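What's in run18.cif: mmCIF, C-alpha atoms
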data_data
#
loop_
_atom_site.label_atom_id
_atom_site.label_comp_id
_atom_site.auth_asym_id
_atom_site.auth_seq_id
_atom_site.Cartn_x
_atom_site.Cartn_y
_atom_site.Cartn_z
CA MET A 1 1.01 -61.00 25.13
CA ILE A 2 -1.00 -59.90 22.10
CA LYS A 3 -4.27 -60.19 23.96
CA ARG A 4 -3.02 -58.22 26.92
CA ARG A 5 -1.87 -55.45 24.60
CA LEU A 6 -5.30 -55.18 22.94
CA GLY A 7 -7.06 -55.07 26.30
CA ILE A 8 -5.04 -52.16 27.60
CA THR A 9 -5.50 -50.20 24.36
CA THR A 10 -9.27 -50.55 24.59
CA ILE A 11 -9.29 -49.23 28.15
CA GLY A 12 -7.36 -46.18 27.02
CA TYR A 13 -9.84 -45.71 24.18
CA ALA A 14 -12.74 -46.01 26.61
CA TYR A 15 -11.29 -43.32 28.85
CA GLU A 16 -10.53 -41.01 25.94
CA ASN A 17 -14.00 -41.15 24.46
CA GLY A 18 -15.86 -41.53 27.73
CA ILE A 19 -17.50 -44.88 26.99
CA ASP A 20 -19.35 -45.62 30.23
CA LEU A 21 -16.46 -44.16 32.16
CA GLU A 22 -15.97 -40.50 32.86
CA VAL A 23 -13.68 -38.89 30.31
CA ASP A 24 -10.29 -38.79 31.92
CA LYS A 25 -7.50 -37.89 29.51
CA GLU A 26 -4.72 -38.48 32.01
CA LYS A 27 -5.87 -42.00 32.76
CA ALA A 28 -6.38 -42.67 29.04
CA LYS A 29 -2.81 -41.60 28.41
CA TYR A 30 -1.59 -43.75 31.29
CA TYR A 31 -3.21 -46.90 29.90
CA TYR A 32 -2.06 -46.11 26.36
CA GLU A 33 1.49 -45.81 27.67
CA LEU A 34 1.22 -49.22 29.34
CA ALA A 35 0.00 -50.69 26.06
CA ALA A 36 2.73 -48.97 24.06
CA ILE A 37 5.44 -50.30 26.37
CA SER A 38 4.18 -53.85 25.80
CA GLY A 39 4.27 -53.18 22.05
CA SER A 40 0.95 -51.86 20.75
CA VAL A 41 1.31 -49.73 17.60
CA LEU A 42 -2.09 -48.05 17.72
CA ALA A 43 -1.63 -47.00 21.35
CA ARG A 44 1.68 -45.37 20.47
CA PHE A 45 0.07 -43.40 17.66
CA ASN A 46 -2.64 -42.23 20.09
CA ILE A 47 -0.05 -41.06 22.62
CA GLY A 48 1.53 -39.12 19.78
CA ARG A 49 -1.79 -37.34 19.21
CA PHE A 50 -2.00 -36.56 22.95
CA GLU A 51 1.46 -35.04 23.04
CA GLU A 52 0.69 -33.04 19.91
CA ARG A 53 -2.38 -31.50 21.54
CA GLU A 54 -0.38 -30.68 24.65
CA GLY A 55 2.22 -28.97 22.49
CA ASN A 56 5.14 -31.35 23.14
CA MET A 57 6.12 -31.64 19.50
CA ASN A 58 9.47 -33.29 20.21
CA ARG A 59 7.93 -36.16 22.17
CA ALA A 60 5.18 -36.57 19.56
CA LEU A 61 7.84 -36.78 16.84
CA LYS A 62 9.69 -39.49 18.78
CA HIS A 63 6.52 -41.56 19.08
CA TYR A 64 5.66 -41.16 15.38
CA MET A 65 9.21 -42.13 14.47
CA ILE A 66 8.97 -45.39 16.43
CA SER A 67 5.50 -46.28 15.15
CA ALA A 68 6.54 -45.57 11.54
CA GLY A 69 9.29 -48.16 12.02
CA VAL A 70 6.70 -50.70 13.18
CA GLY A 71 4.42 -50.07 10.22
CA CYS A 72 1.89 -47.38 11.14
CA SER A 73 1.03 -45.52 7.92
CA LYS A 74 -1.09 -42.96 9.80
CA SER A 75 1.93 -41.67 11.66
CA LEU A 76 3.65 -41.07 8.31
CA GLU A 77 0.77 -38.77 7.36
CA ARG A 78 1.17 -36.89 10.65
CA PHE A 79 4.88 -36.65 9.91
CA ARG A 80 4.15 -35.06 6.54
CA GLU A 81 1.93 -32.47 8.20
CA PHE A 82 4.62 -31.75 10.79
CA PHE A 83 7.09 -31.24 7.97
CA MET A 84 4.72 -28.88 6.13
CA TYR A 85 4.22 -26.69 9.21
CA GLY A 86 7.90 -26.71 10.06
CA HIS A 87 7.88 -28.80 13.25
CA ALA A 88 10.02 -31.53 11.68
CA THR A 89 13.17 -31.23 9.60
CA LYS A 90 13.67 -32.86 6.24
CA ASP A 91 16.16 -35.31 7.77
CA ASP A 92 13.56 -36.58 10.24
CA TYR A 93 11.01 -37.08 7.49
CA THR A 94 13.37 -39.04 5.28
CA LYS A 95 14.43 -41.15 8.27
CA ALA A 96 10.80 -42.03 9.03
CA LEU A 97 10.15 -42.90 5.39
CA GLN A 98 13.24 -45.11 5.32
CA ALA A 99 12.16 -46.89 8.51
CA TYR A 100 8.73 -47.56 7.03
CA GLN A 101 10.23 -48.86 3.76
CA GLU A 102 12.50 -51.16 5.74
CA TYR A 103 9.50 -52.54 7.61
CA LEU A 104 7.65 -53.11 4.32
CA GLY A 105 10.65 -54.92 2.89
CA GLU A 106 10.71 -57.24 5.89
CA ILE A 107 7.03 -58.19 5.88
CA LYS A 108 6.36 -58.40 2.13
CA SER A 109 6.14 -61.87 0.63
CA LYS A 110 4.52 -63.45 -2.42
CA GLN A 111 2.30 -65.68 -0.28
CA ARG A 112 0.90 -62.77 1.68
CA ASP A 113 0.32 -60.75 -1.49
CA GLU A 114 -1.68 -63.66 -2.92
CA ALA A 115 -3.75 -63.89 0.24
CA ALA A 116 -4.40 -60.15 0.24
CA ALA A 117 -5.45 -60.27 -3.42
CA ALA A 118 -7.81 -63.17 -2.76
CA ARG A 119 -9.64 -61.63 0.18
CA GLU A 120 -10.00 -58.09 1.47
CA ASP A 121 -9.82 -59.43 5.09
CA TYR A 122 -6.21 -60.54 4.63
CA ARG A 123 -4.80 -57.09 3.85
CA TYR A 124 -1.58 -56.73 5.79
CA TYR A 125 -0.17 -53.22 5.19
CA MET B 1 18.32 -21.34 72.83
CA ASN B 2 17.95 -25.07 72.68
CA HIS B 3 14.48 -24.76 71.32
CA SER B 4 15.44 -22.56 68.37
CA ASN B 5 18.23 -24.99 67.41
CA MET B 6 15.72 -27.83 67.23
CA ASN B 7 13.56 -25.75 64.90
CA MET B 8 16.50 -25.04 62.60
CA ASP B 9 17.28 -28.75 62.40
CA ASN B 10 13.67 -29.57 61.57
CA ASN B 11 13.64 -27.02 58.77
CA LYS B 12 16.84 -28.46 57.33
CA GLU B 13 15.41 -31.97 57.43
CA ASP B 14 12.28 -30.77 55.66
CA ASP B 15 14.36 -29.18 52.92
CA ASN B 16 16.38 -32.36 52.54
CA ALA B 17 13.23 -34.46 52.29
CA LYS B 18 11.78 -32.15 49.63
CA GLU B 19 15.01 -32.25 47.63
CA CYS B 20 15.03 -36.06 47.84
CA GLU B 21 11.43 -36.28 46.71
CA ARG B 22 12.06 -33.99 43.75
CA ARG B 23 15.01 -36.11 42.68
CA VAL B 24 13.01 -39.32 42.98
CA VAL B 25 10.20 -37.88 40.85
CA GLU B 26 12.70 -36.72 38.23
CA ARG B 27 14.45 -40.07 38.14
CA THR B 28 11.24 -42.10 37.84
CA ALA B 29 10.11 -39.85 35.00
CA ARG B 30 13.42 -40.40 33.24
CA LEU B 31 13.27 -44.18 33.72
CA HIS B 32 9.68 -44.21 32.46
CA ASP B 33 10.74 -42.31 29.34
CA ILE B 34 13.55 -44.76 28.68
CA GLU B 35 11.11 -47.65 28.84
CA LEU B 36 8.48 -45.83 26.80
CA PHE B 37 10.75 -44.90 23.90
CA LYS B 38 12.21 -48.37 23.47
CA GLN B 39 11.82 -49.91 20.02
CA PRO B 40 9.17 -52.66 20.37
CA PRO B 41 10.31 -56.25 19.81
CA LYS B 42 9.84 -58.00 16.46
CA GLU B 43 7.64 -61.10 16.23
CA ASP B 44 7.91 -63.78 13.56
CA CYS B 45 5.31 -66.01 11.98
CA PRO B 46 5.97 -69.56 13.30
CA ILE B 47 5.65 -71.08 9.79
CA CYS B 48 7.37 -68.79 7.27
CA PHE B 49 9.66 -67.03 9.81
CA LEU B 50 8.97 -63.67 8.18
CA ARG B 51 8.16 -60.71 10.37
CA MET B 52 4.54 -60.61 11.55
CA PRO B 53 2.56 -57.66 10.13
CA SER B 54 1.34 -55.25 12.79
CA LEU B 55 -2.05 -54.70 11.13
CA ALA B 56 -4.77 -56.74 12.86
CA THR B 57 -5.97 -58.39 9.62
CA GLY B 58 -2.49 -59.72 8.89
CA SER B 59 -2.57 -62.53 11.46
CA MET B 60 -4.92 -65.35 12.43
CA TYR B 61 -5.49 -67.29 15.67
CA MET B 62 -5.66 -71.09 15.26
CA ARG B 63 -8.26 -72.71 17.47
CA CYS B 64 -6.85 -76.24 17.39
CA CYS B 65 -3.29 -75.56 18.54
CA GLY B 66 -3.48 -71.98 19.83
CA LYS B 67 -0.82 -70.52 17.50
CA VAL B 68 -0.94 -67.14 15.77
CA VAL B 69 -0.16 -67.50 12.06
CA CYS B 70 0.25 -64.83 9.36
CA SER B 71 -2.48 -64.40 6.74
CA GLY B 72 -0.27 -65.66 3.90
CA CYS B 73 0.42 -69.01 5.60
CA TYR B 74 -3.23 -69.32 6.56
CA HIS B 75 -4.43 -68.78 3.00
CA ALA B 76 -1.74 -70.86 1.23
CA PRO B 77 -2.78 -74.29 -0.13
CA LEU B 78 -1.44 -77.43 1.61
CA TYR B 79 0.47 -80.16 -0.25
CA ASP B 80 1.15 -83.79 0.69
CA ASP B 81 4.45 -85.68 0.12
CA LYS B 82 3.83 -86.25 -3.60
CA GLY B 83 3.07 -82.61 -4.34
CA ASN B 84 -0.69 -82.98 -4.69
CA GLU B 85 -2.89 -80.28 -3.29
CA VAL B 86 -4.79 -81.40 -0.19
CA ASP B 87 -8.20 -79.99 0.62
CA ASN B 88 -7.91 -76.89 2.74
CA GLU B 89 -9.75 -78.27 5.75
CA LYS B 90 -6.60 -78.61 7.82
CA CYS B 91 -4.84 -76.28 10.20
CA SER B 92 -1.76 -74.84 8.51
CA PHE B 93 0.36 -75.20 11.66
CA CYS B 94 -0.45 -78.59 13.24
CA ARG B 95 -1.90 -80.17 10.03
CA THR B 96 -4.86 -81.74 11.79
CA GLN B 97 -8.40 -81.65 10.48
CA TRP B 98 -10.48 -78.74 11.78
CA PRO B 99 -12.54 -80.24 14.64
CA ASP B 100 -16.33 -80.60 14.19
CA LEU B 101 -18.66 -78.64 16.39
CA GLU B 102 -19.45 -81.61 18.66
CA GLU B 103 -15.82 -82.64 18.75
CA GLU B 104 -14.76 -79.13 19.60
CA VAL B 105 -17.26 -78.92 22.46
CA GLN B 106 -16.03 -82.20 23.91
CA MET B 107 -12.38 -81.25 23.48
CA SER B 108 -12.90 -77.97 25.26
CA LYS B 109 -14.89 -79.65 28.06
CA LYS B 110 -11.90 -81.86 28.68
CA ARG B 111 -9.62 -78.86 28.65
CA ILE B 112 -11.84 -77.00 31.12
CA ASP B 113 -11.77 -79.94 33.50
CA ALA B 114 -7.99 -79.99 33.24
CA GLY B 115 -7.90 -76.29 34.12
CA ASP B 116 -7.04 -74.57 30.81
CA ALA B 117 -7.78 -70.86 31.19
CA GLU B 118 -7.81 -70.20 27.44
CA ALA B 119 -10.48 -72.84 26.81
CA MET B 120 -12.59 -71.51 29.69
CA HIS B 121 -12.45 -68.04 28.21
CA ASN B 122 -13.36 -69.27 24.71
CA ILE B 123 -16.32 -71.36 25.85
CA GLY B 124 -17.43 -68.50 28.10
CA CYS B 125 -17.58 -66.25 25.04
CA ASP B 126 -19.57 -68.89 23.10
CA ILE B 127 -22.09 -69.18 25.94
CA TYR B 128 -22.31 -65.40 26.30
CA TYR B 129 -23.30 -64.93 22.64
CA GLY B 130 -25.15 -68.25 22.35
CA ALA B 131 -22.88 -69.30 19.48
CA ASN B 132 -21.63 -72.72 18.30
CA GLY B 133 -24.54 -74.73 19.69
CA HIS B 134 -24.41 -73.40 23.24
CA PRO B 135 -27.60 -71.99 24.78
CA GLN B 136 -27.19 -68.34 25.77
CA ASP B 137 -26.65 -67.86 29.50
CA TYR B 138 -25.01 -64.74 30.90
CA THR B 139 -24.50 -65.99 34.47
CA LYS B 140 -22.87 -69.24 33.33
CA ALA B 141 -20.53 -67.31 31.05
CA LEU B 142 -19.60 -65.02 33.91
CA GLU B 143 -18.80 -68.00 36.14
CA LEU B 144 -16.47 -69.41 33.51
CA TRP B 145 -14.79 -66.05 32.98
CA HIS B 146 -14.23 -65.64 36.72
CA ARG B 147 -12.53 -69.03 36.84
CA ALA B 148 -10.42 -68.22 33.78
CA ALA B 149 -9.45 -64.84 35.22
CA GLU B 150 -8.33 -66.44 38.47
CA LEU B 151 -6.10 -68.76 36.45
CA GLY B 152 -4.50 -65.77 34.76
CA ASN B 153 -6.40 -65.10 31.53
CA VAL B 154 -6.23 -61.35 31.01
CA GLU B 155 -8.92 -61.11 28.34
CA ALA B 156 -11.45 -62.64 30.73
CA TYR B 157 -11.04 -59.66 33.06
CA SER B 158 -11.91 -57.27 30.25
CA ASN B 159 -15.02 -59.29 29.45
CA ILE B 160 -16.16 -59.25 33.09
CA GLY B 161 -15.60 -55.50 33.12
CA ALA B 162 -17.61 -55.10 29.91
CA SER B 163 -20.53 -57.12 31.24
CA TYR B 164 -20.55 -54.95 34.37
CA GLN B 165 -20.69 -51.90 32.10
CA GLN B 166 -23.60 -53.18 30.05
CA GLY B 167 -25.31 -54.78 33.03
CA ARG B 168 -25.70 -58.22 31.48
CA GLY B 169 -26.04 -61.02 34.00
CA VAL B 170 -25.26 -58.56 36.78
CA GLU B 171 -26.64 -55.25 37.95
CA VAL B 172 -24.99 -52.23 36.36
CA ASP B 173 -22.12 -51.33 38.64
CA LYS B 174 -19.60 -48.98 37.11
CA LYS B 175 -17.33 -49.06 40.13
CA LYS B 176 -16.95 -52.82 39.86
CA ALA B 177 -16.44 -52.53 36.11
CA ARG B 178 -13.60 -50.11 36.76
CA HIS B 179 -12.17 -52.52 39.34
CA TYR B 180 -12.02 -55.38 36.86
CA TYR B 181 -10.56 -53.20 34.11
CA ASP B 182 -7.85 -52.16 36.54
CA TRP B 183 -7.09 -55.80 37.24
CA LEU B 184 -6.57 -56.27 33.52
CA CYS B 185 -3.57 -53.97 33.58
CA ILE B 186 -1.68 -55.43 36.50
#

Kindly transcribe the structure held in the file into structure tokens.
Amino acid sequence: MIKRRLGITTIGYAYENGIDLEVDKEKAKYYYELAAISGSVLARFNIGRFEEREGNMNRALKHYMISAGVGCSKSLERFREFFMYGHATKDDYTKALQAYQEYLGEIKSKQRDEAAAAREDYRYY
Amino acid sequence: MNHSNMNMDNNKEDDNAKECERRVVERTARLHDIELFKQPPKEDCPICFLRMPSLATGSMYMRCCGKVVCSGCYHAPLYDDKGNEVDNEKCSFCRTQWPDLEEEVQMSKKRIDAGDAEAMHNIGCDIYYGANGHPQDYTKALELWHRAAELGNVEAYSNIGASYQQGRGVEVDKKKARHYYDWLCI
């Protein structure tokens, strides 16, 4: 499952940036959506960016909300910007922050902290 | 008279068909949205049963038993029954010694003969890059990947697509590359 997810995300990335394929934003979005449905966090963040550019702020907010709950710190930054420019309400922002904190509380452990302190490669949040 | 009636009926049918089509499109869009905005499932580490971090560096793939383990469990020292620290040359899930290079090659040969798609894909990658004692050979790697892909390994499709893109072992053929990438998603 994990491998499949990664594969689909990379196809979307290839379409978006035109790596050896013609740039085709619609197809890129299509593949990102497939990846997001099977659970990829990065793909969901990228769809959020797409929706933002197209002007669908509500849909973008929904995507950022979900990815914040799965531990995407980038989407929190986007959320802050949305809040600054008035696209998101204060309630939404606090909800996203709470979801992220909940995620952190679930994944944090002493063992993992030790591993992350020992090697930069083992950083987990 | 008769003729004009027929025309009227045809027009009505056309309108009905258009209405139906519009509804179908709307409904599929709605269903797609429902699936898209679902909260993704949580995955646990098989050793510590804590939630798996979503960052790529937070998990590790074990080559001996094929499990994905979190970085904390991978890095933690192993103890025996009496509480003494054992050298860290063992897999943290199945507690077997890491296989040697020769051993690993023989193990994976056995697995390939038995029809294990994962092993085929792994050895194909080794041959492609000329790593772990294998001589580099693009066509051989491609053969292995094709077999693995037929047995259902998704990653192998992406590798075939990539080698079509870069033109290694095959002539550059972007259409075929596209074809294999499409297969990856089905």

Quick one: apply the PyMOL selection byres ((chain B) within 6 of (chain A)) to the file and drop the selected residues here as an mmCIF file with C-alpha atoms, keeping the file's coordinate frame.
data_model
loop_
_atom_site.group_PDB
_atom_site.id
_atom_site.type_symbol
_atom_site.label_atom_id
_atom_site.label_comp_id
_atom_site.auth_asym_id
_atom_site.auth_seq_id
_atom_site.Cartn_x
_atom_site.Cartn_y
_atom_site.Cartn_z
ATOM 1 C CA LEU B 36 8.480 -45.830 26.800
ATOM 2 C CA PRO B 40 9.170 -52.660 20.370
ATOM 3 C CA ARG B 51 8.160 -60.710 10.370
ATOM 4 C CA LEU B 55 -2.050 -54.700 11.130
ATOM 5 C CA THR B 57 -5.970 -58.390 9.620
ATOM 6 C CA GLY B 58 -2.490 -59.720 8.890
ATOM 7 C CA SER B 71 -2.480 -64.400 6.740
ATOM 8 C CA GLY B 72 -0.270 -65.660 3.900
ATOM 9 C CA HIS B 75 -4.430 -68.780 3.000
#

_Distance query Thr94 (chain A) at most 12 Å, all atoms listed in the file, self and fewer than 3 positions along chain excluded, as a list in words_ =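 The neighbour list is Met65, Ala68, Leu76, Phe79, Arg80, Phe83, Ala88, Thr89, Lys90, Asp91, Leu97, Gln98, Ala99, Tyr100 and Gln101 of chain A.
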
*Given the file shown, determine the residues that the PyMOL selection byres ((chain B and resi 95) around 12) selects; report them as JSON, numbers by chain.*
{"B": [47, 62, 64, 65, 74, 77, 78, 79, 80, 86, 87, 88, 89, 90, 91, 92, 93, 94, 96, 97, 98, 99]}

*asked:* When the PyMOL selection byres ((chain B and resi 108-110) around 12) is applied to the structure above, which residues does it catch, written out as a PyMOL selection string?
replied: chain B and resi 63-65+99-107+111-124+126+144

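CA of Val25 (chain B) is found 22.6 Å from CA of Asn10 (chain B).
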
*May I ask for the distance between CA of Glu19 (chain B) and CA of His32 (chain B), given in Å to one decimal place?*
20.0 Å
